[in-house]
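run-v5.txt follows (compact mmCIF, N, CA and C atoms):
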```
# COMPACT_ATOMS: atom_id res chain seq x y z
N MET A 12 0.83 -1.19 0.00
CA MET A 12 0.00 0.00 0.00
C MET A 12 0.87 1.25 0.00
N GLU A 13 1.99 1.19 0.69
CA GLU A 13 2.86 2.36 0.74
C GLU A 13 3.43 2.70 -0.63
N TRP A 14 3.71 1.67 -1.45
CA TRP A 14 4.22 1.94 -2.79
C TRP A 14 3.18 2.68 -3.62
N LEU A 15 1.90 2.36 -3.38
CA LEU A 15 0.83 3.04 -4.11
C LEU A 15 0.78 4.51 -3.72
N ILE A 16 0.87 4.80 -2.45
CA ILE A 16 0.86 6.19 -1.99
C ILE A 16 2.06 6.93 -2.53
N GLU A 17 3.23 6.26 -2.50
CA GLU A 17 4.44 6.89 -3.05
C GLU A 17 4.28 7.19 -4.53
N ARG A 18 3.70 6.27 -5.27
CA ARG A 18 3.48 6.47 -6.71
C ARG A 18 2.51 7.61 -6.96
N LEU A 19 1.45 7.69 -6.19
CA LEU A 19 0.48 8.77 -6.33
C LEU A 19 1.10 10.13 -5.98
N MET A 20 1.92 10.16 -4.95
CA MET A 20 2.59 11.41 -4.58
C MET A 20 3.55 11.85 -5.69
N GLU A 21 4.24 10.88 -6.29
CA GLU A 21 5.14 11.19 -7.40
C GLU A 21 4.36 11.76 -8.59
N GLU A 22 3.21 11.17 -8.87
CA GLU A 22 2.36 11.67 -9.96
C GLU A 22 1.85 13.07 -9.64
N LEU A 23 1.49 13.32 -8.40
CA LEU A 23 1.03 14.63 -7.98
C LEU A 23 2.13 15.68 -8.14
N ARG A 24 3.36 15.34 -7.77
CA ARG A 24 4.49 16.26 -7.96
C ARG A 24 4.72 16.56 -9.43
N ARG A 25 4.60 15.51 -10.27
CA ARG A 25 4.79 15.69 -11.71
C ARG A 25 3.72 16.63 -12.28
N LEU A 26 2.47 16.46 -11.86
CA LEU A 26 1.38 17.31 -12.33
C LEU A 26 1.58 18.75 -11.88
N GLU A 27 2.01 18.95 -10.64
CA GLU A 27 2.24 20.30 -10.14
C GLU A 27 3.37 20.99 -10.90
N GLU A 28 4.42 20.25 -11.23
CA GLU A 28 5.54 20.82 -12.01
C GLU A 28 5.07 21.22 -13.41
N ARG A 29 4.29 20.35 -14.05
CA ARG A 29 3.78 20.66 -15.39
C ARG A 29 2.86 21.88 -15.33
N GLU A 30 2.07 21.99 -14.28
CA GLU A 30 1.17 23.14 -14.12
C GLU A 30 1.98 24.43 -13.98
N ARG A 31 3.07 24.39 -13.22
CA ARG A 31 3.93 25.58 -13.09
C ARG A 31 4.52 25.98 -14.44
N GLU A 32 4.96 24.98 -15.22
CA GLU A 32 5.52 25.26 -16.55
C GLU A 32 4.48 25.93 -17.45
N LEU A 33 3.25 25.39 -17.45
CA LEU A 33 2.21 25.94 -18.31
C LEU A 33 1.80 27.34 -17.87
N ARG A 34 1.70 27.56 -16.57
CA ARG A 34 1.34 28.91 -16.09
C ARG A 34 2.41 29.92 -16.47
N SER A 35 3.66 29.51 -16.41
CA SER A 35 4.76 30.38 -16.81
C SER A 35 4.65 30.69 -18.30
N ARG A 36 4.38 29.67 -19.11
CA ARG A 36 4.26 29.87 -20.56
C ARG A 36 3.08 30.79 -20.87
N LEU A 37 1.97 30.59 -20.17
CA LEU A 37 0.79 31.42 -20.40
C LEU A 37 1.05 32.87 -20.05
N SER A 38 1.82 33.11 -18.99
CA SER A 38 2.11 34.50 -18.60
C SER A 38 3.04 35.19 -19.59
N GLU A 39 3.84 34.40 -20.33
CA GLU A 39 4.75 34.98 -21.31
C GLU A 39 4.05 35.39 -22.61
N LEU A 40 2.88 34.78 -22.88
CA LEU A 40 2.17 35.09 -24.11
C LEU A 40 1.50 36.46 -24.00
N PRO A 41 1.66 37.32 -25.01
CA PRO A 41 0.97 38.61 -24.96
C PRO A 41 -0.53 38.43 -25.13
N ALA A 42 -1.28 39.30 -24.50
CA ALA A 42 -2.74 39.23 -24.59
C ALA A 42 -3.19 39.80 -25.93
N GLY A 43 -4.09 39.11 -26.58
CA GLY A 43 -4.67 39.59 -27.83
C GLY A 43 -6.16 39.38 -27.78
N GLY A 44 -6.92 40.42 -27.91
CA GLY A 44 -8.36 40.28 -27.78
C GLY A 44 -9.08 40.68 -29.04
N GLY A 45 -10.30 40.23 -29.16
CA GLY A 45 -11.13 40.60 -30.28
C GLY A 45 -11.13 39.55 -31.38
N THR A 46 -11.95 39.82 -32.38
CA THR A 46 -12.04 38.94 -33.54
C THR A 46 -11.77 39.75 -34.79
N LEU A 47 -11.34 39.05 -35.82
CA LEU A 47 -11.07 39.70 -37.09
C LEU A 47 -12.30 39.64 -37.97
N ASP A 48 -12.57 40.71 -38.69
CA ASP A 48 -13.72 40.80 -39.57
C ASP A 48 -13.24 41.32 -40.93
N TYR A 49 -13.58 40.61 -42.00
CA TYR A 49 -13.20 41.01 -43.35
C TYR A 49 -14.48 41.45 -44.04
N ARG A 50 -14.63 42.74 -44.31
CA ARG A 50 -15.88 43.21 -44.88
C ARG A 50 -15.63 44.24 -45.97
N TRP A 51 -16.67 44.43 -46.77
CA TRP A 51 -16.53 45.36 -47.87
C TRP A 51 -17.12 46.71 -47.52
N VAL A 52 -16.56 47.71 -48.17
CA VAL A 52 -17.02 49.09 -48.01
C VAL A 52 -17.18 49.67 -49.41
N LYS A 53 -18.26 50.40 -49.63
CA LYS A 53 -18.46 51.04 -50.94
C LYS A 53 -17.85 52.42 -50.93
N ASN A 54 -17.23 52.78 -52.06
CA ASN A 54 -16.75 54.15 -52.18
C ASN A 54 -17.83 55.02 -52.80
N SER A 55 -17.53 56.27 -53.10
CA SER A 55 -18.55 57.20 -53.60
C SER A 55 -19.07 56.80 -54.98
N GLN A 56 -18.30 56.04 -55.76
CA GLN A 56 -18.76 55.59 -57.07
C GLN A 56 -19.51 54.26 -57.00
N GLY A 57 -19.63 53.70 -55.83
CA GLY A 57 -20.37 52.45 -55.64
C GLY A 57 -19.53 51.19 -55.79
N ARG A 58 -18.21 51.33 -55.93
CA ARG A 58 -17.35 50.16 -56.03
C ARG A 58 -17.09 49.58 -54.64
N LYS A 59 -17.01 48.27 -54.58
CA LYS A 59 -16.77 47.61 -53.30
C LYS A 59 -15.27 47.38 -53.11
N TYR A 60 -14.82 47.65 -51.91
CA TYR A 60 -13.44 47.37 -51.51
C TYR A 60 -13.49 46.57 -50.22
N TRP A 61 -12.59 45.61 -50.11
CA TRP A 61 -12.54 44.75 -48.93
C TRP A 61 -11.47 45.22 -47.97
N TYR A 62 -11.83 45.27 -46.67
CA TYR A 62 -10.91 45.72 -45.64
C TYR A 62 -11.02 44.83 -44.41
N TRP A 63 -9.95 44.79 -43.63
CA TRP A 63 -9.93 44.06 -42.36
C TRP A 63 -10.24 45.01 -41.21
N TYR A 64 -11.06 44.53 -40.29
CA TYR A 64 -11.38 45.26 -39.07
C TYR A 64 -11.16 44.34 -37.87
N LEU A 65 -10.77 44.93 -36.77
CA LEU A 65 -10.68 44.21 -35.51
C LEU A 65 -11.90 44.60 -34.70
N VAL A 66 -12.69 43.62 -34.28
CA VAL A 66 -13.90 43.87 -33.49
C VAL A 66 -13.62 43.42 -32.06
N TYR A 67 -13.82 44.31 -31.10
CA TYR A 67 -13.54 44.00 -29.70
C TYR A 67 -14.51 44.77 -28.82
N TYR A 68 -14.51 44.43 -27.55
CA TYR A 68 -15.39 45.10 -26.59
C TYR A 68 -14.56 45.91 -25.61
N ARG A 69 -15.00 47.14 -25.36
CA ARG A 69 -14.36 48.01 -24.37
C ARG A 69 -15.45 48.65 -23.54
N ASN A 70 -15.38 48.46 -22.24
CA ASN A 70 -16.38 49.00 -21.31
C ASN A 70 -17.79 48.58 -21.69
N GLY A 71 -17.94 47.33 -22.17
CA GLY A 71 -19.26 46.82 -22.51
C GLY A 71 -19.77 47.24 -23.87
N ARG A 72 -19.00 48.02 -24.60
CA ARG A 72 -19.43 48.49 -25.92
C ARG A 72 -18.61 47.82 -27.01
N ARG A 73 -19.27 47.51 -28.12
CA ARG A 73 -18.59 46.89 -29.25
C ARG A 73 -17.85 47.97 -30.05
N CYS A 74 -16.57 47.73 -30.30
CA CYS A 74 -15.74 48.69 -31.02
C CYS A 74 -15.14 48.03 -32.26
N HIS A 75 -14.89 48.84 -33.29
CA HIS A 75 -14.26 48.36 -34.52
C HIS A 75 -13.01 49.19 -34.77
N LYS A 76 -11.95 48.50 -35.14
CA LYS A 76 -10.71 49.20 -35.47
C LYS A 76 -10.32 48.82 -36.89
N TYR A 77 -10.16 49.82 -37.74
CA TYR A 77 -9.77 49.60 -39.13
C TYR A 77 -8.32 49.12 -39.18
N LEU A 78 -8.07 48.03 -39.91
CA LEU A 78 -6.73 47.49 -40.03
C LEU A 78 -6.14 47.66 -41.43
N GLY A 79 -6.98 47.83 -42.43
CA GLY A 79 -6.49 48.03 -43.79
C GLY A 79 -6.76 46.83 -44.69
N LYS A 80 -6.20 46.92 -45.92
CA LYS A 80 -6.41 45.84 -46.89
C LYS A 80 -5.61 44.59 -46.54
N GLN A 81 -4.43 44.79 -45.97
CA GLN A 81 -3.58 43.68 -45.56
C GLN A 81 -3.56 43.61 -44.03
N LEU A 82 -3.54 42.40 -43.51
CA LEU A 82 -3.46 42.25 -42.06
C LEU A 82 -2.05 42.58 -41.59
N PRO A 83 -1.91 43.44 -40.58
CA PRO A 83 -0.58 43.70 -40.02
C PRO A 83 0.01 42.43 -39.40
N SER A 84 1.32 42.30 -39.47
CA SER A 84 1.97 41.08 -38.97
C SER A 84 1.77 40.91 -37.46
N ASP A 85 1.72 42.01 -36.70
CA ASP A 85 1.53 41.87 -35.25
C ASP A 85 0.14 41.33 -34.92
N ILE A 86 -0.86 41.64 -35.75
CA ILE A 86 -2.20 41.10 -35.54
C ILE A 86 -2.20 39.60 -35.82
N LEU A 87 -1.53 39.20 -36.91
CA LEU A 87 -1.43 37.77 -37.21
C LEU A 87 -0.73 37.03 -36.09
N GLU A 88 0.33 37.61 -35.56
CA GLU A 88 1.07 36.98 -34.47
C GLU A 88 0.21 36.88 -33.21
N SER A 89 -0.59 37.91 -32.94
CA SER A 89 -1.44 37.87 -31.75
C SER A 89 -2.52 36.79 -31.89
N ARG A 90 -2.98 36.54 -33.12
CA ARG A 90 -3.96 35.47 -33.36
C ARG A 90 -3.34 34.11 -33.04
N VAL A 91 -2.09 33.92 -33.47
CA VAL A 91 -1.39 32.67 -33.18
C VAL A 91 -1.18 32.54 -31.67
N ASN A 92 -0.80 33.64 -31.02
CA ASN A 92 -0.60 33.63 -29.57
C ASN A 92 -1.90 33.33 -28.83
N ALA A 93 -3.01 33.88 -29.32
CA ALA A 93 -4.31 33.63 -28.68
C ALA A 93 -4.67 32.16 -28.80
N ARG A 94 -4.41 31.56 -29.95
CA ARG A 94 -4.69 30.14 -30.14
C ARG A 94 -3.83 29.29 -29.18
N GLU A 95 -2.56 29.67 -29.08
CA GLU A 95 -1.66 28.96 -28.17
C GLU A 95 -2.12 29.13 -26.71
N ALA A 96 -2.58 30.33 -26.36
CA ALA A 96 -3.06 30.59 -24.99
C ALA A 96 -4.29 29.73 -24.68
N ARG A 97 -5.19 29.58 -25.65
CA ARG A 97 -6.36 28.72 -25.44
C ARG A 97 -5.94 27.27 -25.25
N ARG A 98 -4.95 26.82 -26.04
CA ARG A 98 -4.47 25.45 -25.92
C ARG A 98 -3.85 25.21 -24.53
N VAL A 99 -3.04 26.17 -24.08
CA VAL A 99 -2.40 26.04 -22.77
C VAL A 99 -3.46 26.07 -21.67
N ALA A 100 -4.45 26.92 -21.79
CA ALA A 100 -5.52 27.00 -20.78
C ALA A 100 -6.29 25.68 -20.72
N ARG A 101 -6.56 25.07 -21.88
CA ARG A 101 -7.24 23.77 -21.90
C ARG A 101 -6.41 22.71 -21.17
N GLU A 102 -5.11 22.71 -21.46
CA GLU A 102 -4.24 21.74 -20.80
C GLU A 102 -4.17 21.98 -19.30
N LEU A 103 -4.18 23.25 -18.89
CA LEU A 103 -4.19 23.56 -17.45
C LEU A 103 -5.46 23.03 -16.78
N ARG A 104 -6.59 23.16 -17.45
CA ARG A 104 -7.84 22.62 -16.88
C ARG A 104 -7.75 21.10 -16.73
N ARG A 105 -7.22 20.43 -17.76
CA ARG A 105 -7.06 18.97 -17.67
C ARG A 105 -6.11 18.58 -16.54
N LEU A 106 -5.04 19.35 -16.39
CA LEU A 106 -4.10 19.07 -15.30
C LEU A 106 -4.75 19.26 -13.94
N ALA A 107 -5.55 20.29 -13.80
CA ALA A 107 -6.24 20.55 -12.53
C ALA A 107 -7.17 19.39 -12.20
N GLU A 108 -7.86 18.86 -13.21
CA GLU A 108 -8.75 17.71 -12.98
C GLU A 108 -7.94 16.48 -12.57
N ALA A 109 -6.82 16.24 -13.26
CA ALA A 109 -5.98 15.09 -12.95
C ALA A 109 -5.38 15.23 -11.55
N ARG A 110 -5.00 16.45 -11.19
CA ARG A 110 -4.44 16.69 -9.86
C ARG A 110 -5.47 16.44 -8.77
N ALA A 111 -6.70 16.91 -8.98
CA ALA A 111 -7.77 16.69 -8.01
C ALA A 111 -8.05 15.20 -7.87
N ARG A 112 -8.03 14.48 -9.00
CA ARG A 112 -8.25 13.04 -8.98
C ARG A 112 -7.14 12.34 -8.19
N ALA A 113 -5.89 12.74 -8.43
CA ALA A 113 -4.75 12.15 -7.71
C ALA A 113 -4.86 12.43 -6.21
N GLU A 114 -5.27 13.65 -5.85
CA GLU A 114 -5.41 13.98 -4.43
C GLU A 114 -6.50 13.13 -3.78
N ARG A 115 -7.60 12.89 -4.51
CA ARG A 115 -8.67 12.03 -3.97
C ARG A 115 -8.16 10.60 -3.76
N TYR A 116 -7.40 10.10 -4.72
CA TYR A 116 -6.85 8.75 -4.60
C TYR A 116 -5.90 8.64 -3.41
N ILE A 117 -5.09 9.68 -3.21
CA ILE A 117 -4.16 9.68 -2.08
C ILE A 117 -4.93 9.66 -0.77
N GLU A 118 -5.96 10.51 -0.67
CA GLU A 118 -6.77 10.54 0.55
C GLU A 118 -7.43 9.19 0.80
N LYS A 119 -7.95 8.58 -0.25
CA LYS A 119 -8.60 7.28 -0.11
C LYS A 119 -7.60 6.21 0.32
N ALA A 120 -6.41 6.21 -0.29
CA ALA A 120 -5.38 5.23 0.06
C ALA A 120 -4.92 5.42 1.50
N LEU A 121 -4.75 6.67 1.94
CA LEU A 121 -4.36 6.92 3.33
C LEU A 121 -5.44 6.47 4.30
N SER A 122 -6.67 6.69 3.93
CA SER A 122 -7.78 6.27 4.78
C SER A 122 -7.80 4.75 4.93
N ILE A 123 -7.61 4.06 3.82
CA ILE A 123 -7.57 2.59 3.87
C ILE A 123 -6.39 2.13 4.70
N LEU A 124 -5.23 2.75 4.51
CA LEU A 124 -4.03 2.38 5.25
C LEU A 124 -4.23 2.59 6.75
N GLN A 125 -4.86 3.69 7.14
CA GLN A 125 -5.12 3.95 8.56
C GLN A 125 -6.05 2.89 9.15
N ARG A 126 -7.08 2.48 8.41
CA ARG A 126 -7.99 1.45 8.90
C ARG A 126 -7.27 0.11 9.07
N VAL A 127 -6.39 -0.20 8.12
CA VAL A 127 -5.63 -1.45 8.21
C VAL A 127 -4.70 -1.41 9.41
N LEU A 128 -4.03 -0.29 9.65
CA LEU A 128 -3.11 -0.16 10.77
C LEU A 128 -3.84 -0.21 12.11
N GLN A 129 -5.07 0.31 12.17
CA GLN A 129 -5.83 0.27 13.42
C GLN A 129 -6.23 -1.16 13.78
N ARG A 130 -6.42 -2.00 12.78
CA ARG A 130 -6.81 -3.39 13.03
C ARG A 130 -5.63 -4.22 13.51
N VAL A 131 -4.42 -3.79 13.19
CA VAL A 131 -3.22 -4.56 13.56
C VAL A 131 -2.82 -4.31 14.97
```

Once more with this new file: its structure as structure tokens, please.
Amino acid sequence: MEWLIERLMEELRRLEERERELRSRLSELPAGGGTLDYRWVKNSQGRKYWYWYLVYYRNGRRCHKYLGKQLPSDILESRVNAREARRVARELRRLAEARARAERYIEKALSILQRVLQRV
């Protein structure tokens, strides 16, 4: 039984270390908010031109920021960073669930071990 508790504690330490690594990585990623919108605008002659806009919320209000015909490279990079941040956040949630599960198993194993020791 002790080997089981030792193994669970080792797994718990491994999960906590991975969680620290992911939190560090998440803090290094720059924040990028909003969604990209590609829409057309008519000029005075009625011709359509396509432009990129960034749509985001500020103080509860929807705001649009004109980006131009080509997407700026920093906006593209922030989109990649946002995707990576979502992936890291998902993995952090999974780790938190696994950690909680490991802690429950440890508590259960200790409880069983205490009952066995009381009978001896």

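Straight-line separation from atom CA of Leu19 of chain A to atom CA of Glu95 of chain A: 29.8 Å.
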
Can you tell me, as a PyMOL selection string, what residues are no more than 6.5 Å from segment 60-75 of chain A when counting all atoms listed in the file, ignoring any on the same chain fewer than 4 positions away?
chain A and resi 44-54+79-81

Here atom CA of Glu30 of chain A and atom CA of Arg115 of chain A stand apart by 18.0 Å

Pick out each residue of segment 24-128 of chain A that DSSP on the backbone tags as alpha helix (DSSP H); I need them as a PyMOL selection string.
chain A and resi 24-39+84-128

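Taking only C-alpha atoms into account, Ala113 of chain A lies nearest to A:Met20 out of the set A:Leu82, A:Val91, A:Val131, A:Met20.
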
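Straight-line separation from atom N of Ala111 of chain A to atom CA of Asn92 of chain A: 27.2 Å.
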